[in-house]
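> Next up, data-v3.cif (mmCIF, C-alpha atoms).
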data_input
loop_
_atom_site.label_atom_id
_atom_site.label_comp_id
_atom_site.auth_asym_id
_atom_site.auth_seq_id
_atom_site.Cartn_x
_atom_site.Cartn_y
_atom_site.Cartn_z
CA MET Q 109 32.69 92.72 160.55
CA ASN Q 110 36.43 93.26 160.84
CA ALA Q 111 39.51 92.81 158.68
CA SER Q 112 39.61 89.12 159.38
CA SER Q 113 36.18 88.59 157.80
CA SER Q 114 37.71 87.94 154.40
CA GLY Q 115 35.16 85.34 153.43
CA SER Q 116 32.51 88.00 152.73
CA ILE Q 117 34.70 90.19 150.52
CA PRO Q 118 33.84 88.40 147.22
CA THR Q 119 30.17 89.10 147.86
CA ILE Q 120 30.95 92.74 148.48
CA VAL Q 121 32.98 92.92 145.29
CA ALA Q 122 30.23 91.32 143.23
CA LEU Q 123 27.62 93.79 144.43
CA GLY Q 124 29.70 96.85 145.15
CA ALA Q 125 29.94 98.60 141.77
CA PRO Q 126 27.41 101.35 140.96
CA ALA Q 127 25.20 100.49 138.01
CA ASN Q 128 24.62 103.97 136.59
CA ILE Q 129 27.88 104.79 134.76
CA ARG Q 130 27.87 107.63 132.25
CA HIS Q 131 31.53 108.69 132.15
CA PRO Q 132 32.96 108.25 128.61
CA SER Q 133 35.89 106.21 129.92
CA GLY Q 134 33.49 103.84 131.69
CA ILE Q 135 34.63 105.05 135.13
CA PRO Q 136 31.97 105.92 137.70
CA PRO Q 137 32.24 109.62 138.57
CA GLY Q 138 32.33 108.79 142.27
CA PHE Q 139 35.29 106.45 141.98
CA ARG Q 140 38.20 108.70 142.90
CA ALA Q 141 40.93 108.92 145.45
CA ASP Q 142 39.76 110.83 148.52
CA ARG Q 143 42.00 113.81 149.32
CA ARG Q 144 42.32 112.54 152.90
CA GLY Q 145 44.72 109.81 151.85
CA PRO Q 146 45.19 106.87 149.48
CA SER Q 147 43.79 104.33 151.94
CA SER Q 148 40.41 106.06 152.10
CA LEU Q 149 38.53 105.97 148.82
CA ALA Q 150 35.19 107.71 148.40
CA VAL Q 151 32.64 105.85 146.25
CA GLY Q 152 29.21 107.07 145.31
CA PRO Q 153 26.49 107.84 144.86
CA TYR Q 154 25.06 104.46 145.85
CA PRO Q 155 21.73 103.23 144.52
CA PRO Q 156 19.11 102.82 147.31
CA ALA Q 157 19.49 99.05 147.29
CA MET Q 158 23.15 99.41 148.26
CA GLU Q 159 22.70 101.48 151.40
CA ALA Q 160 22.91 98.38 153.56
CA LEU Q 161 26.10 97.34 151.81
CA ALA Q 162 27.58 100.79 152.33
CA GLU Q 163 26.81 100.47 156.02
CA ARG Q 164 28.60 97.12 156.16
CA LEU Q 165 31.62 98.62 154.37
CA SER Q 166 31.79 101.44 156.91
CA GLN Q 167 32.33 98.86 159.64
CA LEU Q 168 35.48 97.47 158.01
CA ASP Q 169 39.00 98.54 158.79
CA SER Q 170 39.82 101.60 156.62
CA HIS Q 171 42.57 99.79 154.72
CA VAL Q 172 40.31 96.83 153.94
CA GLN Q 173 37.58 99.27 152.90
CA GLY Q 174 39.99 100.86 150.44
CA ALA Q 175 41.14 97.50 149.09
CA VAL Q 176 37.56 96.31 148.55
CA ARG Q 177 36.70 99.52 146.75
CA VAL Q 178 39.76 99.23 144.53
CA VAL Q 179 38.70 95.68 143.61
CA ALA Q 180 35.17 96.90 142.87
CA PHE Q 181 36.57 99.75 140.81
CA TYR Q 182 38.53 97.44 138.50
CA ASP Q 183 35.68 94.93 138.40
CA THR Q 184 33.55 97.73 136.99
CA LEU Q 185 36.19 98.65 134.41
CA MET Q 186 36.50 95.05 133.23
CA ARG Q 187 32.75 94.67 132.93
CA ARG Q 188 32.70 97.90 130.92
CA ARG Q 189 35.31 96.36 128.54
CA VAL Q 190 37.63 99.36 128.56
CA ASP Q 191 40.86 99.24 126.56
CA LEU Q 192 44.46 99.66 127.71
CA PRO Q 193 44.69 103.48 127.44
CA ALA Q 194 41.43 103.80 129.42
CA LEU Q 195 42.80 101.45 132.08
CA ALA Q 196 45.97 103.51 132.43
CA ARG Q 197 43.95 106.73 132.54
CA ALA Q 198 41.59 105.40 135.20
CA SER Q 199 44.47 104.06 137.30
CA ALA Q 200 46.34 107.36 137.15
CA GLY Q 201 43.25 109.23 138.34
CA LEU Q 202 42.61 106.74 141.13
CA ALA Q 203 46.20 106.70 142.39
CA GLU Q 204 46.79 110.42 141.68
CA CYS Q 205 50.12 109.81 139.96
CA VAL Q 206 51.45 108.61 136.60
CA ALA Q 207 50.34 105.06 135.73
CA GLY Q 208 52.00 102.97 133.05
CA ILE Q 209 51.34 99.81 131.03
CA ARG Q 210 53.96 98.12 128.88
CA LEU Q 211 53.41 94.97 126.79
CA HIS Q 212 56.46 92.98 125.77
CA GLY Q 213 55.00 92.43 122.30
CA THR Q 214 54.54 96.10 121.37
CA GLY Q 215 57.85 97.74 122.16
CA ARG Q 216 56.19 100.82 123.68
CA ALA Q 217 54.58 102.01 126.90
CA ILE Q 218 51.28 103.74 127.71
CA ARG Q 219 51.81 106.39 130.41
CA MET Q 220 48.92 108.46 131.71
CA ALA Q 221 48.96 111.38 134.14
CA SER Q 222 46.44 111.88 136.92
CA ASP Q 223 44.64 114.59 134.91
CA GLY Q 224 43.72 112.01 132.25
CA THR Q 225 46.25 113.11 129.62
CA ARG Q 226 49.25 111.25 128.31
CA ALA Q 227 52.22 111.83 130.59
CA SER Q 228 54.56 114.37 129.00
CA VAL Q 229 57.26 114.30 131.66
CA PRO Q 230 60.11 111.80 131.24
CA PRO Q 231 59.50 108.48 132.99
CA GLY Q 232 60.33 108.66 136.67
CA PRO Q 233 61.30 105.81 138.96
CA ALA Q 234 58.51 103.25 139.35
CA SER Q 235 57.61 103.16 143.02
CA THR Q 236 55.63 99.93 142.54
CA THR Q 237 55.46 97.43 139.67
CA ALA Q 238 53.51 94.27 138.91
CA PRO Q 239 53.72 91.75 136.04
CA ILE Q 240 50.89 91.20 133.55
CA THR Q 241 50.37 87.48 133.07
CA LEU Q 242 48.20 85.60 130.59
CA ASP Q 243 47.98 81.80 130.60
CA ASP Q 244 50.79 81.68 133.18
CA GLU Q 245 53.10 83.71 130.92
CA GLU Q 246 54.36 87.21 131.66
CA ILE Q 247 53.31 89.45 128.76
CA GLY Q 248 54.06 92.89 130.23
CA THR Q 249 54.33 95.16 133.25
CA VAL Q 250 52.23 97.80 135.00
CA TRP Q 251 53.63 100.43 137.32
CA LEU Q 252 53.04 103.70 139.19
CA GLU Q 253 55.41 106.67 139.21
CA ARG Q 254 55.29 108.57 142.52
CA PRO Q 255 57.69 111.28 143.69
CA GLY Q 256 57.47 109.88 147.21
CA PRO Q 257 57.05 106.47 148.83
CA PRO Q 258 54.43 104.00 147.54
CA GLY Q 259 50.83 104.53 148.62
CA ALA Q 260 49.17 102.20 151.10
CA LEU Q 261 46.97 100.65 148.39
CA ASP Q 262 49.44 100.65 145.50
CA ASP Q 263 50.02 96.91 145.69
CA VAL Q 264 46.30 96.19 145.53
CA LEU Q 265 45.75 98.71 142.77
CA LEU Q 266 48.55 97.33 140.59
CA ASP Q 267 47.44 93.75 141.15
CA ARG Q 268 43.97 94.57 139.86
CA LEU Q 269 45.34 96.76 137.05
CA ALA Q 270 47.53 93.85 135.89
CA ILE Q 271 44.52 91.52 135.86
CA ALA Q 272 42.44 94.08 133.96
CA ALA Q 273 45.26 94.66 131.44
CA ALA Q 274 45.54 90.91 130.78
CA THR Q 275 41.78 90.77 130.23
CA ALA Q 276 41.97 93.68 127.76
CA VAL Q 277 44.81 92.04 125.83
CA GLU Q 278 42.90 88.77 125.64
CA ARG Q 279 39.81 90.61 124.40
CA TYR Q 280 41.29 93.21 122.05
CA GLY Q 281 44.88 92.13 121.45
CA PRO Q 282 47.92 94.32 122.24
CA ALA Q 283 47.79 98.09 121.88
CA ARG Q 284 47.95 98.98 118.19
CA THR Q 285 51.50 99.65 117.10
CA THR Q 286 53.61 98.37 114.24
CA MET Q 287 57.00 98.10 115.96
CA ALA Q 288 57.47 94.99 118.07
CA ASP Q 289 59.92 93.40 120.46
CA PRO Q 290 62.72 91.95 118.26
CA ALA Q 291 63.08 88.96 120.61
CA LEU Q 292 59.46 87.95 120.00
CA VAL Q 293 59.77 88.42 116.25
CA GLU Q 294 62.93 86.32 116.19
CA LEU Q 295 61.12 83.61 118.15
CA VAL Q 296 58.37 83.58 115.52
CA ILE Q 297 60.64 83.29 112.48
CA SER Q 298 63.34 81.02 113.92
CA ALA Q 299 63.41 77.47 112.58
CA ASP Q 300 64.67 76.35 116.01
CA SER Q 301 61.50 77.48 117.86
CA ASP Q 302 59.01 74.81 118.87
CA GLU Q 303 55.41 75.27 117.76
CA ALA Q 304 54.11 76.06 121.25
CA ALA Q 305 56.66 78.86 121.75
CA ARG Q 306 55.96 80.21 118.26
CA ALA Q 307 52.21 80.23 118.91
CA ARG Q 308 52.67 82.09 122.19
CA ALA Q 309 54.93 84.67 120.53
CA LEU Q 310 52.42 85.21 117.71
CA ARG Q 311 49.64 85.72 120.24
CA LEU Q 312 51.73 88.23 122.18
CA LEU Q 313 52.35 90.10 118.94
CA GLY Q 314 48.59 90.30 118.34
CA PHE Q 315 48.09 87.66 115.63
CA ALA Q 316 45.01 85.51 116.06
CA VAL Q 317 45.42 81.74 116.22
CA GLY Q 318 45.07 80.04 112.85
CA LEU Q 319 45.68 83.10 110.68
CA PRO Q 320 48.40 82.83 108.00
CA VAL Q 321 51.38 85.05 108.76
CA HIS Q 322 53.71 86.07 105.92
CA ALA Q 323 57.21 87.47 106.33
CA VAL Q 324 58.86 90.31 104.40
CA ALA Q 325 62.61 90.94 104.48
CA VAL Q 326 63.35 94.65 104.00
CA ARG Q 327 66.32 96.89 103.42
CA SER Q 328 65.28 100.52 103.61
CA ARG Q 329 66.23 103.94 104.88
CA LEU Q 330 62.57 104.53 105.68
CA PRO Q 331 61.33 103.66 109.20
CA LEU Q 332 60.20 100.05 109.41
CA ASP Q 333 56.88 100.95 111.04
CA ARG Q 334 56.04 103.19 108.09
CA VAL Q 335 56.84 100.43 105.58
CA GLY Q 336 54.85 97.91 107.61
CA GLY Q 337 51.84 100.20 107.86
CA LEU Q 338 51.86 100.70 104.10
CA VAL Q 339 52.10 97.06 103.02
CA CYS Q 340 49.32 95.96 105.37
CA PRO Q 341 47.24 99.00 106.39
CA ALA Q 342 44.07 97.34 107.68
CA ARG Q 343 45.23 94.07 109.27
CA PRO Q 344 47.69 92.99 111.96
CA VAL Q 345 51.29 93.83 111.07
CA LYS Q 346 54.46 93.90 113.18
CA ALA Q 347 58.00 94.99 112.34
CA ALA Q 348 61.39 94.77 114.01
CA PRO Q 349 65.05 95.16 113.03
CA LEU Q 350 67.02 91.92 113.04
CA ALA Q 351 70.78 92.00 112.40
CA ASP Q 352 71.29 93.58 108.95
CA VAL Q 353 67.70 93.38 107.73
CA GLY Q 354 64.23 94.50 108.76
CA VAL Q 355 61.49 91.96 109.43
CA ILE Q 356 57.81 92.60 108.71
CA LEU Q 357 55.18 90.05 109.74
CA ALA Q 358 51.70 90.53 108.27
CA THR Q 359 48.56 88.56 107.55
CA THR Q 360 48.43 90.02 104.03
CA VAL Q 361 51.07 91.81 101.96
CA ASP Q 362 50.41 94.13 99.02
CA PRO Q 363 53.66 94.40 97.01
CA ALA Q 364 52.31 97.39 95.08
CA ARG Q 365 52.19 99.41 98.31
CA ILE Q 366 55.90 99.04 99.11
CA PRO Q 367 57.32 102.57 98.70
CA ALA Q 368 60.03 103.56 96.25
CA GLY Q 369 63.58 103.18 97.49
CA VAL Q 370 62.79 100.03 99.49
CA ARG Q 371 64.20 96.64 98.58
CA ALA Q 372 62.02 93.80 99.78
CA GLY Q 373 61.69 90.04 99.53
CA ILE Q 374 58.26 88.55 100.19
CA GLY Q 375 57.78 85.00 101.44
CA ALA Q 376 55.02 82.87 99.95
CA ALA Q 377 54.42 80.28 102.69
CA ASP Q 378 51.71 80.76 105.33
CA SER Q 379 53.93 79.58 108.20
CA PRO Q 380 56.14 82.47 109.40
CA GLU Q 381 59.39 80.49 109.82
CA ARG Q 382 59.25 79.09 106.28
CA SER Q 383 57.99 82.39 104.89
CA TRP Q 384 60.98 84.14 106.47
CA ARG Q 385 63.46 81.78 104.77
CA GLU Q 386 61.74 82.48 101.47
CA ALA Q 387 61.70 86.24 102.11
CA ARG Q 388 65.45 86.30 102.81
CA THR Q 389 66.07 84.37 99.59
CA ALA Q 390 63.82 86.69 97.58
CA LEU Q 391 65.59 89.75 99.01
CA ARG Q 392 68.89 88.47 97.60
CA PHE Q 393 67.40 88.71 94.10
CA ALA Q 394 66.23 92.31 94.57
CA THR Q 395 68.05 94.92 92.47
CA SER Q 396 67.61 98.60 91.68
CA ARG Q 397 65.71 97.59 88.55
CA ARG Q 398 63.60 95.02 90.39
CA PRO Q 399 63.49 96.21 94.03
CA VAL Q 400 60.58 94.02 95.19
CA VAL Q 401 60.76 90.27 94.63
CA HIS Q 402 58.09 87.73 95.57
CA TYR Q 403 59.51 84.29 96.25
CA ALA Q 404 56.65 82.66 94.33
CA ASP Q 405 57.78 84.50 91.18
CA LEU Q 406 61.34 83.12 91.30
CA GLY Q 407 60.47 79.55 90.41
CA ALA Q 408 63.57 77.55 89.50
CA LEU Q 409 65.74 80.68 89.83
CA ALA Q 410 65.50 80.24 93.61
CA LEU Q 411 67.80 77.23 93.22
CA LEU Q 412 70.65 79.62 92.39
CA ALA Q 413 70.54 80.86 95.97
CA GLN Q 414 71.57 77.37 97.07
CA VAL Q 415 74.75 77.34 94.98
CA PRO Q 416 77.81 77.67 97.27
CA GLN Q 417 79.44 81.09 96.96
CA ASP Q 418 82.88 79.69 96.15
CA SER Q 419 81.46 77.50 93.40
CA ALA Q 420 79.69 80.47 91.84
CA ARG Q 421 82.84 82.62 91.93
CA ASP Q 422 84.86 79.88 90.24
CA ASN Q 423 82.41 79.61 87.33
CA ALA Q 424 83.88 81.10 84.16
CA ASP Q 425 80.68 82.93 83.11
CA VAL Q 426 80.21 84.47 86.58
CA ALA Q 427 83.85 85.55 86.67
CA ALA Q 428 83.43 87.15 83.24
CA VAL Q 429 80.36 89.09 84.43
CA ALA Q 430 82.39 90.29 87.43
CA ARG Q 431 84.95 91.76 85.00
CA VAL Q 432 82.22 93.45 82.94
CA ALA Q 433 80.77 94.90 86.16
CA ASP Q 434 83.91 97.01 86.58
CA ASP Q 435 82.33 99.32 83.97
CA PRO Q 436 78.94 100.53 85.36
CA GLU Q 437 77.74 101.49 81.86
CA ASP Q 438 78.42 98.00 80.48
CA LEU Q 439 76.81 96.38 83.52
CA GLU Q 440 73.66 98.50 83.11
CA THR Q 441 73.46 97.60 79.43
CA LEU Q 442 73.85 93.88 80.12
CA ASP Q 443 71.25 94.04 82.91
CA ALA Q 444 68.71 95.81 80.69
CA TYR Q 445 69.24 93.33 77.85
CA CYS Q 446 68.96 90.30 80.14
CA ALA Q 447 65.81 91.74 81.75
CA THR Q 448 64.03 92.39 78.43
CA GLY Q 449 65.56 89.84 76.05
CA SER Q 450 65.15 92.41 73.29
CA LEU Q 451 67.60 94.90 71.81
CA ARG Q 452 64.93 97.54 71.15
CA ARG Q 453 63.26 97.17 74.57
CA ALA Q 454 66.66 97.39 76.24
CA ALA Q 455 67.36 100.58 74.28
CA GLY Q 456 64.05 101.99 75.52
CA LEU Q 457 64.97 101.27 79.13
CA LEU Q 458 68.37 102.87 78.68
CA HIS Q 459 67.00 105.83 76.68
CA LEU Q 460 69.55 105.14 73.93
CA HIS Q 461 69.34 104.48 70.20
CA HIS Q 462 69.18 100.77 69.45
CA SER Q 463 72.30 100.96 67.29
CA SER Q 464 74.31 102.30 70.24
CA VAL Q 465 73.04 99.46 72.44
CA ALA Q 466 73.86 96.92 69.72
CA ARG Q 467 77.50 98.13 69.58
CA ARG Q 468 77.79 97.90 73.37
CA LEU Q 469 76.32 94.41 73.48
CA GLU Q 470 78.71 93.24 70.79
CA GLN Q 471 81.66 94.37 72.91
CA ILE Q 472 80.16 92.92 76.09
CA GLY Q 473 79.56 89.59 74.32
CA LYS Q 474 83.22 89.44 73.32
CA SER Q 475 84.29 90.15 76.91
CA LEU Q 476 82.01 87.40 78.18
CA GLY Q 477 82.90 84.95 75.47
CA ILE Q 478 79.17 84.52 74.85
CA ASP Q 479 77.06 85.17 71.73
CA LEU Q 480 74.31 87.32 73.25
CA THR Q 481 72.18 87.13 70.09
CA ASP Q 482 71.82 83.37 70.49
CA PRO Q 483 69.02 82.15 72.87
CA THR Q 484 71.41 79.81 74.65
CA GLY Q 485 73.95 82.60 75.02
CA LEU Q 486 71.31 84.94 76.45
CA LEU Q 487 70.29 82.26 78.96
CA ARG Q 488 73.92 81.79 80.03
CA ALA Q 489 74.31 85.55 80.48
CA ARG Q 490 71.12 85.79 82.54
CA LEU Q 491 72.15 82.97 84.86
CA ALA Q 492 75.69 84.31 85.22
CA LEU Q 493 74.48 87.84 85.95
CA THR Q 494 71.98 86.59 88.54
CA ALA Q 495 74.59 84.37 90.21
CA TRP Q 496 77.01 87.33 90.35
CA GLN Q 497 74.31 89.56 91.88
CA LEU Q 498 73.74 86.96 94.60
CA LEU Q 499 77.44 87.16 95.49
CA ASP Q 500 76.93 90.77 96.56
CA ASP Q 501 74.44 89.81 99.30
#
Can the structure in the file be given as structure tokens, please?

Amino acid sequence: MNASSSGSIPTIVALGAPANIRHPSGIPPGFRADRRGPSSLAVGPYPPAMEALAERLSQLDSHVQGAVRVVAFYDTLMRRRVDLPALARASAGLAECVAGIRLHGTGRAIRMASDGTRASVPPGPASTTAPITLDDEEIGTVWLERPGPPGALDDVLLDRLAIAAATAVERYGPARTTMADPALVELVISADSDEAARARALRLLGFAVGLPVHAVAVRSRLPLDRVGGLVCPARPVKAAPLADVGVILATTVDPARIPAGVRAGIGAADSPERSWREARTALRFATSRRPVVHYADLGALALLAQVPQDSARDNADVAAVARVADDPEDLETLDAYCATGSLRRAAGLLHLHHSSVARRLEQIGKSLGIDLTDPTGLLRARLALTAWQLLDD
């Protein structure tokens, strides 16, 4: 048999992987790069039934032998269902250099050194790269980092690594990480995306088909990945910065787990694009007193977000609240009273005697031109205060 006998290679691949694998990574101990050069790979030990096959392999051109063994190597890894870090580790050991895998949906790279540890050196130039494709769509890249020229079998190795990585993503989803590619997240939440593109983006981000995906709009000094991990600790969650706000996509959201100091709006719809619109609206209603707002809890108040800004500013009650807001103490008092609807409860929130709060409210009512002790007056003050707060968005 010679190099032109390509028709028999699939048979060799199907039979060529040793059956007795005990290595914890799922890699046969004998699968390693021979020190004599990258085009000569030593494989063994062979079971007795494979001696004839080994003899046939020895008759092939050395480069074809190496290519067939690389194919068999990755066939073994795929049948052993290894994950992405194990694939990178195995590839680094086989190629005797740093091997990397990057998925577009995760925003990070897996880089393994030839000794099986995570590469600590800064990324070097990739001597060879190959795209990872799934359903005819590029979802990532694999590469090798060599100090010198590419090895003779690098192209074959990367081709098989890319296929194995796509298989692992299809089986397990992307490598677990909260931060995601902002472009993919924007594609998911944009109202202009078609359903096919949105579905592909969700799959690349690791969300299973058919699962509800809720959006959270966040303003926080805390890292987004930390916030995302807290609100949805046990299920798929992805986060990315987008313009002036952070986006969190999750299958479930626990508002009680959002940490202090974070303002968040939570969408109610199951579809991510509609949920995102709701989340942005809910975030506009968030204040220091009520930092986390669920859109479902707004009810008819959500209609205020649709009032044009100029119309709200021209309203006499809103303009009066804006004047009161020049005094932070008066604004805090009005906010506490509108939030509780009770003089005594407002005094408790402010840690003041109720008589002191009553005197303040009397003066504030005169400034507003509203009787705050009357139910209709209190309603007007609440609506005006909320409309003014929305102007600050």
> Using the chain letters and residue numbers of this document, give as a PyMOL selection string the residues selected by the PyMOL selection byres ((chain Q and resi 444-446) around 12).
chain Q and resi 395-398+437-443+447-460+462+465-466+468-470+472-473+480-481+483+485-494
> Interatomic distance between CA of Gly477 in chain Q and CA of Val426 in chain Q?
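If I compute the distance from CA of Gly477 in chain Q to CA of Val426 in chain Q, I get 11.4 Å.
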> Could you check how far CA of Asp183 in chain Q sits from CA of Leu252 in chain Q, in Å to one decimal?
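Separating CA of Asp183 in chain Q from CA of Leu252 in chain Q is a distance of 19.5 Å.
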> Please produce, as CSV, a per-residue contact table for range 338-411 of chain Q versus range 203-219 of chain Q (criterion: any atom at most 12 Å away, all atoms listed in the file considered), showing the nearest atom pair and its distance in Å to one decimal, sorted by chain then residue number.

residue,atom,partner,partner_atom,distance
Q:Val345,CA,Q:Thr214,CA,11.0
Q:Lys346,CA,Q:Thr214,CA,8.5
Q:Ala347,CA,Q:Thr214,CA,9.7
Q:Ala348,CA,Q:Gly215,CA,9.4
Q:Pro349,CA,Q:Gly215,CA,11.9
> Go through Q:Ala413, Q:Val326, Q:Ser464, Q:Ala420 and flag the residue nearest Ile374 in chain Q, using all atoms listed in the file for the distances.
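Comparing Q:Ala413, Q:Val326, Q:Ser464, Q:Ala420 against Ile374 in chain Q, the winner is Q:Val326.
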> I need the residue set behind the PyMOL selection byres ((chain Q and resi 368) around 12) for this file; please write it as a list in words.
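Written out, the selection comes to Arg327, Ser328, Arg329, Leu330, Val335, Leu338, Pro363, Ala364, Arg365, Ile366, Pro367, Gly369, Val370, Arg371, Ala372, Ser396, Arg397, Arg398, Pro399 and Val400 of chain Q.
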> Since I can't run it myself right now, could you work out what the PyMOL selection byres ((chain Q and resi 418) around 12) selects here and report it as JSON, numbers by chain?
{"Q": [414, 415, 416, 417, 419, 420, 421, 422, 423, 426, 427, 495, 496, 498, 499]}
> With 4 Å added on each side, what axis-aligned box encloses every listed atom of range 169-184 of chain Q? Give the centre and edge lengths in Å to one decimal, as lines of an AutoDock Vina configuration file.

center_x = 38.1
center_y = 98.3
center_z = 147.9
size_x = 17.0
size_y = 14.7
size_z = 29.8
